[in-house]
$ cat entry-v3.csv   # CSV, C-alpha atoms
chain,number,residue,atom,x,y,z
A,1,MET,CA,23.7,-13.1,20.0
A,2,ILE,CA,22.9,-12.0,16.4
A,3,TYR,CA,20.4,-9.3,17.5
A,4,ARG,CA,21.9,-7.8,20.6
A,5,GLU,CA,21.0,-4.4,21.9
A,6,ALA,CA,23.4,-4.4,24.8
A,7,GLY,CA,26.1,-1.7,24.5
A,8,GLN,CA,24.1,0.5,22.1
A,9,TYR,CA,23.9,3.7,24.2
A,10,LYS,CA,21.9,6.8,23.3
A,11,VAL,CA,23.7,10.0,24.2
A,12,SER,CA,21.2,12.5,22.6
A,13,TYR,CA,17.5,13.0,22.1
A,14,GLU,CA,18.0,12.6,18.3
A,15,ALA,CA,19.5,9.2,18.7
A,16,ASP,CA,16.8,8.1,21.1
A,17,GLN,CA,14.0,9.2,18.8
A,18,ALA,CA,15.5,7.8,15.6
A,19,ILE,CA,13.3,5.7,13.3
A,20,PHE,CA,15.6,2.8,13.7
A,21,PRO,CA,17.4,3.2,17.0
A,22,ILE,CA,18.9,-0.3,16.9
A,23,ALA,CA,22.0,-0.7,14.7
A,24,GLN,CA,21.0,-4.0,13.3
A,25,ASP,CA,17.7,-2.5,12.0
A,26,ARG,CA,19.6,0.4,10.4
A,27,PHE,CA,22.1,-1.9,8.7
A,28,LEU,CA,19.3,-4.2,7.4
A,29,ILE,CA,17.2,-1.4,6.0
A,30,LEU,CA,20.2,0.2,4.4
A,31,ALA,CA,21.3,-3.1,2.9
A,32,LEU,CA,17.7,-3.7,1.5
A,33,LEU,CA,17.6,-0.2,0.0
A,34,ALA,CA,21.1,-0.7,-1.5
A,35,VAL,CA,20.0,-4.0,-3.1
A,36,ALA,CA,16.7,-2.5,-4.3
A,37,PHE,CA,18.3,0.6,-5.9
A,38,PHE,CA,21.7,-0.6,-7.0
A,39,VAL,CA,21.6,-4.4,-7.5
A,40,VAL,CA,18.1,-5.3,-8.7
A,41,PRO,CA,18.2,-3.0,-11.8
A,42,PHE,CA,21.3,-4.9,-13.1
A,43,VAL,CA,20.0,-8.4,-12.5
A,44,ALA,CA,16.2,-8.4,-12.8
A,45,THR,CA,14.5,-9.6,-16.0
A,46,GLU,CA,11.6,-7.8,-17.8
A,47,TYR,CA,9.2,-10.5,-16.6
A,48,LEU,CA,10.4,-9.9,-13.0
A,49,TYR,CA,9.8,-6.2,-13.4
A,50,ARG,CA,6.3,-6.5,-14.9
A,51,ALA,CA,5.0,-9.4,-12.9
A,52,VAL,CA,6.5,-8.9,-9.5
A,53,LEU,CA,8.6,-5.9,-8.7
A,54,ILE,CA,6.6,-3.0,-10.1
A,55,PRO,CA,3.1,-4.2,-8.9
A,56,THR,CA,4.5,-5.1,-5.5
A,57,VAL,CA,6.1,-1.7,-5.0
A,58,ILE,CA,3.0,0.3,-6.2
A,59,LEU,CA,0.5,-1.8,-4.3
A,60,ALA,CA,2.7,-1.6,-1.2
A,61,LEU,CA,2.2,2.2,-1.3
A,62,ALA,CA,-1.5,1.8,-1.6
A,63,ALA,CA,-1.5,-0.7,1.3
A,64,ILE,CA,0.4,1.9,3.4
A,65,GLY,CA,-2.3,4.4,2.7
A,66,LEU,CA,-5.1,2.0,3.7
A,67,ASN,CA,-3.0,1.0,6.8
A,68,VAL,CA,-3.0,4.6,7.9
A,69,LEU,CA,-6.8,4.6,7.9
A,70,MET,CA,-7.5,1.0,9.2
A,71,GLY,CA,-4.4,0.1,11.2
A,72,TYR,CA,-3.5,3.5,12.8
A,73,CYS,CA,-6.8,5.3,13.0
A,74,GLY,CA,-9.2,2.2,13.2
A,75,GLN,CA,-11.6,3.4,10.5
A,76,VAL,CA,-12.9,0.6,8.2
A,77,SER,CA,-12.7,1.4,4.5
A,78,LEU,CA,-13.9,-0.7,1.5
A,79,GLY,CA,-13.4,2.1,-1.0
A,80,SER,CA,-9.7,2.2,-1.6
A,81,GLY,CA,-10.0,1.0,-5.2
A,82,ALA,CA,-12.2,4.1,-5.8
A,83,PHE,CA,-9.6,6.4,-4.4
A,84,MET,CA,-7.0,4.8,-6.6
A,85,ALA,CA,-9.3,5.5,-9.6
A,86,VAL,CA,-9.7,9.2,-8.5
A,87,GLY,CA,-5.9,9.5,-8.4
A,88,ALA,CA,-5.5,7.8,-11.8
A,89,TYR,CA,-8.2,9.8,-13.6
A,90,ALA,CA,-7.2,13.1,-12.0
A,91,ALA,CA,-3.6,12.6,-13.1
A,92,TYR,CA,-4.8,11.6,-16.6
A,93,ASN,CA,-7.1,14.7,-17.0
A,94,LEU,CA,-4.4,17.0,-15.7
A,95,SER,CA,-1.9,15.6,-18.1
A,96,ILE,CA,-4.1,16.1,-21.2
A,97,ARG,CA,-5.7,19.4,-20.3
A,98,LEU,CA,-2.5,21.0,-18.9
A,99,PRO,CA,0.1,19.5,-21.2
A,100,PHE,CA,2.9,21.7,-19.8
A,101,LEU,CA,2.7,19.8,-16.5
A,102,ASN,CA,5.2,16.9,-16.0
A,103,PRO,CA,3.3,13.5,-15.7
A,104,PHE,CA,4.9,13.0,-12.2
A,105,VAL,CA,3.6,16.3,-11.1
A,106,CYS,CA,0.2,15.2,-12.4
A,107,ILE,CA,0.4,12.0,-10.3
A,108,LEU,CA,1.1,14.0,-7.1
A,109,LEU,CA,-1.7,16.4,-7.9
A,110,GLY,CA,-4.0,13.4,-8.5
A,111,GLY,CA,-3.1,12.3,-4.9
A,112,PHE,CA,-4.4,15.7,-3.6
A,113,PHE,CA,-7.7,15.3,-5.6
A,114,ALA,CA,-8.1,11.8,-4.1
A,115,ALA,CA,-7.4,13.3,-0.6
A,116,ALA,CA,-10.2,15.8,-1.2
A,117,VAL,CA,-12.6,13.1,-2.3
A,118,GLY,CA,-11.5,11.0,0.7
A,119,VAL,CA,-12.3,13.8,3.1
A,120,VAL,CA,-15.8,14.1,1.6
A,121,PHE,CA,-16.6,10.4,1.9
A,122,GLY,CA,-14.8,10.3,5.3
A,123,ALA,CA,-17.2,12.8,6.8
A,124,PRO,CA,-19.7,10.1,7.8
A,125,SER,CA,-17.0,8.7,10.1
A,126,LEU,CA,-17.8,11.5,12.5
A,127,ARG,CA,-21.2,10.0,13.3
A,128,ILE,CA,-20.9,6.3,12.4
A,129,LYS,CA,-18.3,3.6,12.8
A,130,GLY,CA,-17.6,-0.1,12.2
A,131,PHE,CA,-20.0,-1.9,9.9
A,132,TYR,CA,-21.9,1.2,9.0
A,133,LEU,CA,-18.7,3.1,8.0
A,134,ALA,CA,-17.7,0.2,5.9
A,135,CYS,CA,-21.1,0.5,4.1
A,136,ALA,CA,-20.5,4.2,3.5
A,137,THR,CA,-17.1,3.6,2.0
A,138,LEU,CA,-18.5,0.8,-0.1
A,139,ALA,CA,-21.1,3.3,-1.4
A,140,ALA,CA,-18.2,5.6,-2.4
A,141,GLN,CA,-16.7,2.7,-4.4
A,142,PHE,CA,-19.9,2.1,-6.3
A,143,PHE,CA,-20.6,5.8,-6.9
A,144,ILE,CA,-17.1,6.6,-8.1
A,145,ASP,CA,-17.1,3.5,-10.4
A,146,TRP,CA,-20.4,4.8,-11.9
A,147,VAL,CA,-19.0,8.3,-12.3
A,148,PHE,CA,-16.0,7.3,-14.3
A,149,LEU,CA,-18.0,4.8,-16.4
A,150,ARG,CA,-20.9,7.2,-17.3
A,151,VAL,CA,-19.4,10.7,-17.3
A,152,LYS,CA,-17.5,10.8,-20.5
A,153,TYR,CA,-15.6,14.0,-19.6
A,154,PHE,CA,-13.3,12.1,-17.3
A,155,THR,CA,-12.3,9.7,-20.1
A,156,ASN,CA,-11.9,12.6,-22.6
A,157,TYR,CA,-14.9,11.3,-24.5
A,158,ALA,CA,-13.2,8.1,-25.5
A,159,PRO,CA,-15.8,5.8,-27.3
A,160,SER,CA,-14.5,2.6,-25.6
A,161,GLY,CA,-14.1,4.2,-22.2
A,162,SER,CA,-10.4,3.1,-22.2
A,163,VAL,CA,-7.7,5.8,-21.8
A,164,ASN,CA,-4.0,5.8,-22.5
A,165,ALA,CA,-1.4,7.3,-20.2
A,166,PRO,CA,0.9,10.0,-21.6
A,167,PRO,CA,4.6,9.0,-22.1
A,168,LEU,CA,6.7,9.3,-19.0
A,169,GLN,CA,9.6,11.8,-19.4
A,170,MET,CA,11.7,13.9,-17.1
A,171,PHE,CA,14.3,16.5,-18.1
A,172,GLY,CA,14.2,15.1,-21.6
A,173,TYR,CA,14.9,11.5,-20.6
A,174,ASP,CA,12.5,8.7,-21.7
A,175,LEU,CA,11.3,6.7,-18.6
A,176,SER,CA,9.2,4.1,-20.4
A,177,SER,CA,11.6,1.2,-19.9
A,178,PRO,CA,10.9,-1.4,-17.2
A,179,VAL,CA,14.0,-0.4,-15.3
A,180,ALA,CA,13.0,3.3,-15.3
A,181,ASN,CA,9.4,2.4,-14.3
A,182,TYR,CA,10.7,0.3,-11.4
A,183,MET,CA,13.0,3.0,-10.2
A,184,VAL,CA,10.3,5.7,-10.4
A,185,ALA,CA,7.8,3.6,-8.5
A,186,LEU,CA,10.4,2.6,-5.9
A,187,GLY,CA,11.4,6.2,-5.4
A,188,PHE,CA,7.8,7.4,-4.8
A,189,THR,CA,7.1,4.5,-2.4
A,190,VAL,CA,10.3,4.9,-0.3
A,191,VAL,CA,9.9,8.7,0.1
A,192,LEU,CA,6.2,8.5,0.9
A,193,ALA,CA,6.7,5.5,3.3
A,194,LEU,CA,9.4,7.4,5.1
A,195,ALA,CA,7.1,10.5,5.4
A,196,VAL,CA,4.2,8.3,6.8
A,197,LYS,CA,6.6,6.7,9.3
A,198,ASN,CA,7.5,10.1,10.6
A,199,ILE,CA,3.8,11.2,10.7
A,200,VAL,CA,2.7,8.2,12.7
A,201,ARG,CA,5.5,8.8,15.2
A,202,GLY,CA,4.4,12.4,15.8
A,203,HIS,CA,1.4,14.0,17.5
A,204,ILE,CA,-0.9,13.4,14.5
A,205,GLY,CA,-0.1,9.6,14.6
A,206,ARG,CA,-0.7,9.5,18.3
A,207,GLN,CA,-4.1,11.2,17.8
A,208,TRP,CA,-5.0,8.5,15.2
A,209,MET,CA,-4.0,5.7,17.6
A,210,ALA,CA,-5.9,7.3,20.5
A,211,ILE,CA,-9.0,7.4,18.3
A,212,ARG,CA,-8.4,3.8,17.3
A,213,ASP,CA,-8.1,2.5,20.8
A,214,MET,CA,-11.0,4.4,22.4
A,215,ASP,CA,-12.4,7.4,20.7
A,216,ILE,CA,-14.5,8.6,23.7
A,217,ALA,CA,-11.4,8.6,26.0
A,218,ALA,CA,-9.4,10.3,23.3
A,219,GLU,CA,-11.9,13.1,23.1
A,220,ILE,CA,-11.9,13.5,26.9
A,221,ILE,CA,-8.1,14.0,27.0
A,222,GLY,CA,-8.3,16.7,24.2
A,223,VAL,CA,-8.1,14.8,20.9
A,224,ARG,CA,-10.4,16.3,18.3
A,225,PRO,CA,-12.2,13.4,16.6
A,226,MET,CA,-13.1,15.5,13.5
A,227,TYR,CA,-9.5,16.6,12.9
A,228,ALA,CA,-8.1,13.2,13.6
A,229,LYS,CA,-10.5,11.1,11.5
A,230,LEU,CA,-10.6,13.5,8.5
A,231,SER,CA,-6.8,13.9,8.5
A,232,ALA,CA,-6.5,10.1,8.5
A,233,PHE,CA,-8.9,10.0,5.5
A,234,ALA,CA,-6.9,12.7,3.8
A,235,VAL,CA,-3.5,11.2,4.2
A,236,SER,CA,-4.7,7.7,3.4
A,237,SER,CA,-6.6,8.8,0.2
A,238,PHE,CA,-3.6,10.9,-0.9
A,239,LEU,CA,-1.2,7.9,-0.7
A,240,ILE,CA,-3.8,5.6,-2.4
A,241,GLY,CA,-4.4,8.3,-5.1
A,242,VAL,CA,-0.7,8.6,-5.8
A,243,ALA,CA,-0.5,4.8,-6.0
A,244,GLY,CA,-3.5,4.8,-8.4
A,245,GLY,CA,-1.7,7.3,-10.6
A,246,LEU,CA,1.5,5.1,-10.6
A,247,TRP,CA,-0.6,2.0,-11.2
A,248,ALA,CA,-2.2,3.6,-14.3
A,249,PHE,CA,0.7,5.5,-15.7
A,250,ILE,CA,3.5,3.0,-15.0
A,251,TYR,CA,2.0,-0.5,-14.7
A,252,LEU,CA,-1.1,-0.4,-16.9
A,253,GLY,CA,-0.4,2.3,-19.5
A,254,SER,CA,-4.0,1.8,-20.8
A,255,TRP,CA,-7.0,1.2,-18.5
A,256,GLU,CA,-10.7,1.5,-18.0
A,257,PRO,CA,-12.8,1.9,-14.8
A,258,ALA,CA,-12.9,-1.9,-14.2
A,259,ALA,CA,-9.2,-1.7,-13.4
A,260,PHE,CA,-10.2,-0.1,-10.1
A,261,SER,CA,-13.2,-2.1,-9.2
A,262,ILE,CA,-14.2,-3.4,-5.7
A,263,ASP,CA,-11.9,-6.4,-6.3
A,264,ARG,CA,-8.9,-3.9,-6.0
A,265,SER,CA,-10.3,-2.7,-2.7
A,266,PHE,CA,-10.5,-6.2,-1.3
A,267,GLN,CA,-7.0,-7.0,-2.6
A,268,LEU,CA,-5.6,-4.0,-0.6
A,269,MET,CA,-7.6,-5.0,2.5
A,270,PHE,CA,-6.1,-8.5,2.3
A,271,MET,CA,-2.6,-7.0,2.1
A,272,VAL,CA,-3.2,-5.0,5.2
A,273,ILE,CA,-4.7,-7.9,7.1
A,274,ILE,CA,-2.1,-10.4,6.1
A,275,GLY,CA,0.8,-8.0,6.4
A,276,GLY,CA,-0.2,-6.5,9.7
A,277,LEU,CA,-2.5,-3.7,10.9
A,278,GLY,CA,-0.7,-0.6,12.1
A,279,SER,CA,2.7,-1.5,10.5
A,280,ILE,CA,4.5,0.1,7.6
A,281,LEU,CA,6.6,-3.0,7.2
A,282,GLY,CA,3.5,-5.1,7.2
A,283,SER,CA,2.2,-3.2,4.2
A,284,PHE,CA,5.3,-4.2,2.2
A,285,LEU,CA,5.1,-7.8,3.4
A,286,GLY,CA,1.4,-8.1,2.6
A,287,ALA,CA,1.9,-6.7,-0.9
A,288,ALA,CA,4.7,-9.0,-1.7
A,289,PHE,CA,2.8,-12.0,-0.3
A,290,ILE,CA,-0.4,-11.2,-2.3
A,291,ILE,CA,1.6,-10.7,-5.5
A,292,LEU,CA,3.8,-13.7,-5.2
A,293,LEU,CA,1.2,-16.2,-4.0
A,294,PRO,CA,-0.7,-16.4,-7.3
A,295,ILE,CA,2.6,-16.7,-9.2
A,296,PHE,CA,3.7,-19.5,-7.0
A,297,LEU,CA,0.4,-21.4,-7.3
A,298,ASN,CA,0.4,-21.0,-11.1
A,299,GLN,CA,4.0,-22.4,-11.2
A,300,ALA,CA,3.6,-25.1,-8.6
A,301,LEU,CA,0.1,-26.6,-8.8
A,302,PRO,CA,0.2,-28.0,-12.4
A,303,PRO,CA,3.4,-30.1,-11.8
A,304,ILE,CA,2.0,-31.3,-8.5
A,305,GLY,CA,-1.2,-32.3,-10.2
A,306,GLY,CA,0.7,-34.1,-12.9
A,307,LEU,CA,2.4,-36.2,-10.3
A,308,VAL,CA,-0.9,-37.6,-9.2
A,309,GLY,CA,-2.5,-37.7,-12.6
A,310,TRP,CA,-4.7,-34.7,-12.2
A,311,LYS,CA,-4.6,-32.1,-15.0
A,312,ILE,CA,-5.1,-28.7,-13.3
A,313,SER,CA,-6.5,-26.0,-15.5
A,314,THR,CA,-5.9,-22.3,-15.2
A,315,ALA,CA,-9.5,-21.8,-13.9
A,316,THR,CA,-8.8,-24.4,-11.1
A,317,VAL,CA,-5.7,-22.5,-10.2
A,318,SER,CA,-7.7,-19.3,-9.8
A,319,HIS,CA,-10.1,-21.1,-7.5
A,320,PHE,CA,-7.2,-22.4,-5.4
A,321,GLU,CA,-6.0,-18.7,-5.2
A,322,ALA,CA,-9.4,-17.6,-3.8
A,323,MET,CA,-9.4,-20.5,-1.3
A,324,ALA,CA,-5.8,-19.8,-0.2
A,325,PHE,CA,-6.5,-16.1,0.3
A,326,GLY,CA,-9.7,-16.9,2.4
A,327,ALA,CA,-7.9,-19.5,4.5
A,328,LEU,CA,-4.9,-17.2,5.1
A,329,ILE,CA,-7.2,-14.3,6.2
A,330,VAL,CA,-9.0,-16.5,8.6
A,331,PHE,CA,-5.7,-17.9,9.9
A,332,PHE,CA,-4.2,-14.5,10.6
A,333,LEU,CA,-7.4,-13.1,12.1
A,334,VAL,CA,-7.6,-16.1,14.5
A,335,VAL,CA,-3.9,-17.0,15.2
A,336,GLU,CA,-2.0,-13.8,14.6
A,337,PRO,CA,-4.1,-10.7,14.1
A,338,HIS,CA,-1.1,-8.5,13.6
A,339,GLY,CA,0.0,-10.4,10.6
A,340,LEU,CA,3.4,-11.1,9.1
A,341,ALA,CA,4.9,-8.0,10.7
A,342,ARG,CA,4.2,-9.5,14.1
A,343,LEU,CA,5.9,-12.8,13.1
A,344,TRP,CA,9.0,-10.8,12.1
A,345,SER,CA,8.9,-9.0,15.5
A,346,ILE,CA,8.7,-12.4,17.3
A,347,ALA,CA,11.7,-13.6,15.2
A,348,LYS,CA,13.7,-10.6,16.4
A,349,GLU,CA,12.8,-11.4,20.0
A,350,LYS,CA,14.1,-14.9,19.5
A,351,LEU,CA,17.3,-13.6,17.9
A,352,ARG,CA,17.9,-11.4,21.0
A,353,LEU,CA,18.3,-14.6,23.1
A,354,TRP,CA,19.7,-17.1,20.6
A,355,PRO,CA,21.6,-19.4,21.2
A,356,PHE,CA,20.9,-19.2,25.0
A,357,PRO,CA,17.5,-20.4,26.4
A,358,HIS,CA,17.1,-17.4,28.7
$ encode --input "entry-v3.csv" --output "structure tokens"
Amino acid sequence: MIYREAGQYKVSYEADQAIFPIAQDRFLILALLAVAFFVVPFVATEYLYRAVLIPTVILALAAIGLNVLMGYCGQVSLGSGAFMAVGAYAAYNLSIRLPFLNPFVCILLGGFFAAAVGVVFGAPSLRIKGFYLACATLAAQFFIDWVFLRVKYFTNYAPSGSVNAPPLQMFGYDLSSPVANYMVALGFTVVLALAVKNIVRGHIGRQWMAIRDMDIAAEIIGVRPMYAKLSAFAVSSFLIGVAGGLWAFIYLGSWEPAAFSIDRSFQLMFMVIIGGLGSILGSFLGAAFIILLPIFLNQALPPIGGLVGWKISTATVSHFEAMAFGALIVFFLVVEPHGLARLWSIAKEKLRLWPFPH
């Protein structure tokens, strides 16, 4: 009885095509947004901002970008860390070479640079797919890592290769505090997630899903594979590039090319797989899970080991993290390929019937 749809009538096309046509979904999302924007800034600690909230929000945006490509269009990518690096370094170079530009404008423009690079490296998807496309995007990861490591122009000829983000300001206000960083990251993520949700519900999203399900049949009914695949690469790389700029300017502050290595690409892929392919909600759930799991293991394993007389070191905890990630990925691929988002969908189905058995 908690999650009933009976009696919720649609009397217009706008109501029928709403993003959240069910009242319970609208209330839940509005309540979550209200808590995120108006409650969390007053109760969260600096540790919570730096260790949980800010990285979760930014990586959720990057996971949404990868989900556009893998979940909605069915194109495998192992180069998302490289596109984050393109967005970060493009925003950095724009900010130091065009100092009259606001840093947030530079971050958005960095997303467009990442989209252009994504289209270039997405071009092989017109001829190859699956494992071979994964190899092509992996080559993009290694190539872009090499470029930012060896071409000193992109790091402004810094001797150490490490660069520092410019101070974040808007309309004369300093935005360097943890609360301001969190609000900026959350604002970017919410707005872009809403935009992606509308895109995937429109004709572009339907073309992506047609290509994902069966590209030959999609081409027969009039879908242009070149337009669909390259647009997916562009939108995906734009979102990942913006997330890279936010990650560099807000979370890191100072970084080097190793910050966007292939490990970052695998981390984003794990978020998409665990959260759920083809789901915006799944991207948020996957990001939260991947960020919170290491923190939970670091806090829980040493006391548990102490109870049985086993002193667990930090290195051992990191090994447990790798084992847990691997086991969870295998579990979700075998038991529930649609991830945590599908589990939430099943829970809603149960709530439609509870407490009655039929």
$ atom_distance --input "entry-v3.csv" --atom1 "CA of Asn102 in chain A" --atom2 "CA of Leu168 in chain A"
8.3 Å
$ residues_around --input "entry-v3.csv" --residues "Val105 in chain A" --least-positions-apart "6" --cutoff "10 Å" --atoms "all atoms listed in the file" --output "list in words"
Ala91, Leu94, Ser95 and Gly111 of chain A
$ residues_around --input "entry-v3.csv" --residues "Arg224 in chain A" --least-positions-apart "3" --cutoff "12 Å" --atoms "all atoms listed in the file" --output "list in words"
Leu126, Ile204, Arg206, Gln207, Trp208, Ala210, Ile211, Asp215, Ile216, Ala217, Ala218, Glu219, Ile220, Ile221, Tyr227, Ala228, Lys229, Leu230 and Ser231 of chain A
$ residues_near_point --input "entry-v3.csv" --point "(-2.1, 3.1, 3.2)" --cutoff "10 Å" --atoms "all atoms listed in the file" --output "PyMOL selection string"
chain A and resi 59-72+80+193+196+232-233+235-240+243+268-269+272+278-280+283
$ residues_near_point --input "entry-v3.csv" --point "(-1.8, 5.0, -21.6)" --cutoff "12 Å" --atoms "all atoms listed in the file" --output "PyMOL selection string"
chain A and resi 88-89+91-93+95-96+103+155+162-168+176+245-256
$ write_last_selection --input "entry-v3.csv" --atoms "C-alpha atoms" --output "PDB file, in the coordinates of the input"
ATOM      1  CA  ALA A  88      -5.500   7.800 -11.800  1.00  0.00           C
ATOM      2  CA  TYR A  89      -8.200   9.800 -13.600  1.00  0.00           C
ATOM      3  CA  ALA A  91      -3.600  12.600 -13.100  1.00  0.00           C
ATOM      4  CA  TYR A  92      -4.800  11.600 -16.600  1.00  0.00           C
ATOM      5  CA  ASN A  93      -7.100  14.700 -17.000  1.00  0.00           C
ATOM      6  CA  SER A  95      -1.900  15.600 -18.100  1.00  0.00           C
ATOM      7  CA  ILE A  96      -4.100  16.100 -21.200  1.00  0.00           C
ATOM      8  CA  PRO A 103       3.300  13.500 -15.700  1.00  0.00           C
ATOM      9  CA  THR A 155     -12.300   9.700 -20.100  1.00  0.00           C
ATOM     10  CA  SER A 162     -10.400   3.100 -22.200  1.00  0.00           C
ATOM     11  CA  VAL A 163      -7.700   5.800 -21.800  1.00  0.00           C
ATOM     12  CA  ASN A 164      -4.000   5.800 -22.500  1.00  0.00           C
ATOM     13  CA  ALA A 165      -1.400   7.300 -20.200  1.00  0.00           C
ATOM     14  CA  PRO A 166       0.900  10.000 -21.600  1.00  0.00           C
ATOM     15  CA  PRO A 167       4.600   9.000 -22.100  1.00  0.00           C
ATOM     16  CA  LEU A 168       6.700   9.300 -19.000  1.00  0.00           C
ATOM     17  CA  SER A 176       9.200   4.100 -20.400  1.00  0.00           C
ATOM     18  CA  GLY A 245      -1.700   7.300 -10.600  1.00  0.00           C
ATOM     19  CA  LEU A 246       1.500   5.100 -10.600  1.00  0.00           C
ATOM     20  CA  TRP A 247      -0.600   2.000 -11.200  1.00  0.00           C
ATOM     21  CA  ALA A 248      -2.200   3.600 -14.300  1.00  0.00           C
ATOM     22  CA  PHE A 249       0.700   5.500 -15.700  1.00  0.00           C
ATOM     23  CA  ILE A 250       3.500   3.000 -15.000  1.00  0.00           C
ATOM     24  CA  TYR A 251       2.000  -0.500 -14.700  1.00  0.00           C
ATOM     25  CA  LEU A 252      -1.100  -0.400 -16.900  1.00  0.00           C
ATOM     26  CA  GLY A 253      -0.400   2.300 -19.500  1.00  0.00           C
ATOM     27  CA  SER A 254      -4.000   1.800 -20.800  1.00  0.00           C
ATOM     28  CA  TRP A 255      -7.000   1.200 -18.500  1.00  0.00           C
ATOM     29  CA  GLU A 256     -10.700   1.500 -18.000  1.00  0.00           C
TER      30      GLU A 256
END
$ residues_around --input "entry-v3.csv" --residues "Ser125 in chain A" --least-positions-apart "3" --cutoff "9 Å" --atoms "all atoms listed in the file" --output "list in words"
Gln75, Phe121, Gly122, Ile128, Lys129, Leu133, Ala136, Met226, Lys229 and Leu230 of chain A
$ atom_distance --input "entry-v3.csv" --atom1 "CA of Arg50 in chain A" --atom2 "CA of Leu186 in chain A"
13.4 Å
$ residues_around --input "entry-v3.csv" --residues "Leu328 in chain A" --least-positions-apart "6" --cutoff "12 Å" --atoms "all atoms listed in the file" --output "VMD selection string"
chain A and resid 270 to 271 273 to 275 286 289 to 290 293 320 to 322 334 to 337 339 to 340
$ atom_distance --input "entry-v3.csv" --atom1 "CA of Val191 in chain A" --atom2 "CA of Leu108 in chain A"
12.5 Å
$ closest_residue --input "entry-v3.csv" --among "A:Gly276, A:Trp354, A:Arg150, A:Ala287" --to "Phe332 in chain A" --atoms "all atoms listed in the file"
A:Gly276
$ build_atoms --input "entry-v3.csv" --residues "range 200-213 of chain A" --atoms "N, CA and C atoms" --output "short mmCIF file (atom, residue, chain, number, x, y, z; two decimals), in the coordinates of the input"
data_model
loop_
_atom_site.label_atom_id
_atom_site.label_comp_id
_atom_site.auth_asym_id
_atom_site.auth_seq_id
_atom_site.Cartn_x
_atom_site.Cartn_y
_atom_site.Cartn_z
N VAL A 200 3.29 9.05 11.69
CA VAL A 200 2.70 8.20 12.70
C VAL A 200 3.47 8.24 14.02
N ARG A 201 4.73 8.67 13.98
CA ARG A 201 5.50 8.80 15.20
C ARG A 201 5.30 10.14 15.88
N GLY A 202 4.64 11.08 15.22
CA GLY A 202 4.40 12.40 15.80
C GLY A 202 3.07 12.54 16.44
N HIS A 203 2.68 13.78 16.71
CA HIS A 203 1.40 14.00 17.50
C HIS A 203 0.21 13.63 16.64
N ILE A 204 0.29 13.75 15.31
CA ILE A 204 -0.90 13.40 14.50
C ILE A 204 -1.08 11.85 14.58
N GLY A 205 0.00 11.09 14.47
CA GLY A 205 -0.10 9.60 14.60
C GLY A 205 -0.62 9.21 15.95
N ARG A 206 -0.18 9.90 17.00
CA ARG A 206 -0.70 9.50 18.30
C ARG A 206 -2.17 9.85 18.47
N GLN A 207 -2.63 10.90 17.83
CA GLN A 207 -4.10 11.20 17.80
C GLN A 207 -4.84 10.08 17.10
N TRP A 208 -4.31 9.64 15.97
CA TRP A 208 -5.00 8.50 15.20
C TRP A 208 -5.08 7.30 16.11
N MET A 209 -3.99 6.95 16.78
CA MET A 209 -4.00 5.70 17.60
C MET A 209 -4.88 5.86 18.81
N ALA A 210 -4.99 7.08 19.36
CA ALA A 210 -5.90 7.30 20.50
C ALA A 210 -7.35 7.10 20.04
N ILE A 211 -7.68 7.62 18.86
CA ILE A 211 -9.00 7.40 18.30
C ILE A 211 -9.29 5.95 18.05
N ARG A 212 -8.28 5.25 17.54
CA ARG A 212 -8.40 3.80 17.30
C ARG A 212 -8.69 3.03 18.52
N ASP A 213 -7.96 3.32 19.60
CA ASP A 213 -8.10 2.50 20.80
C ASP A 213 -9.35 2.78 21.57
#
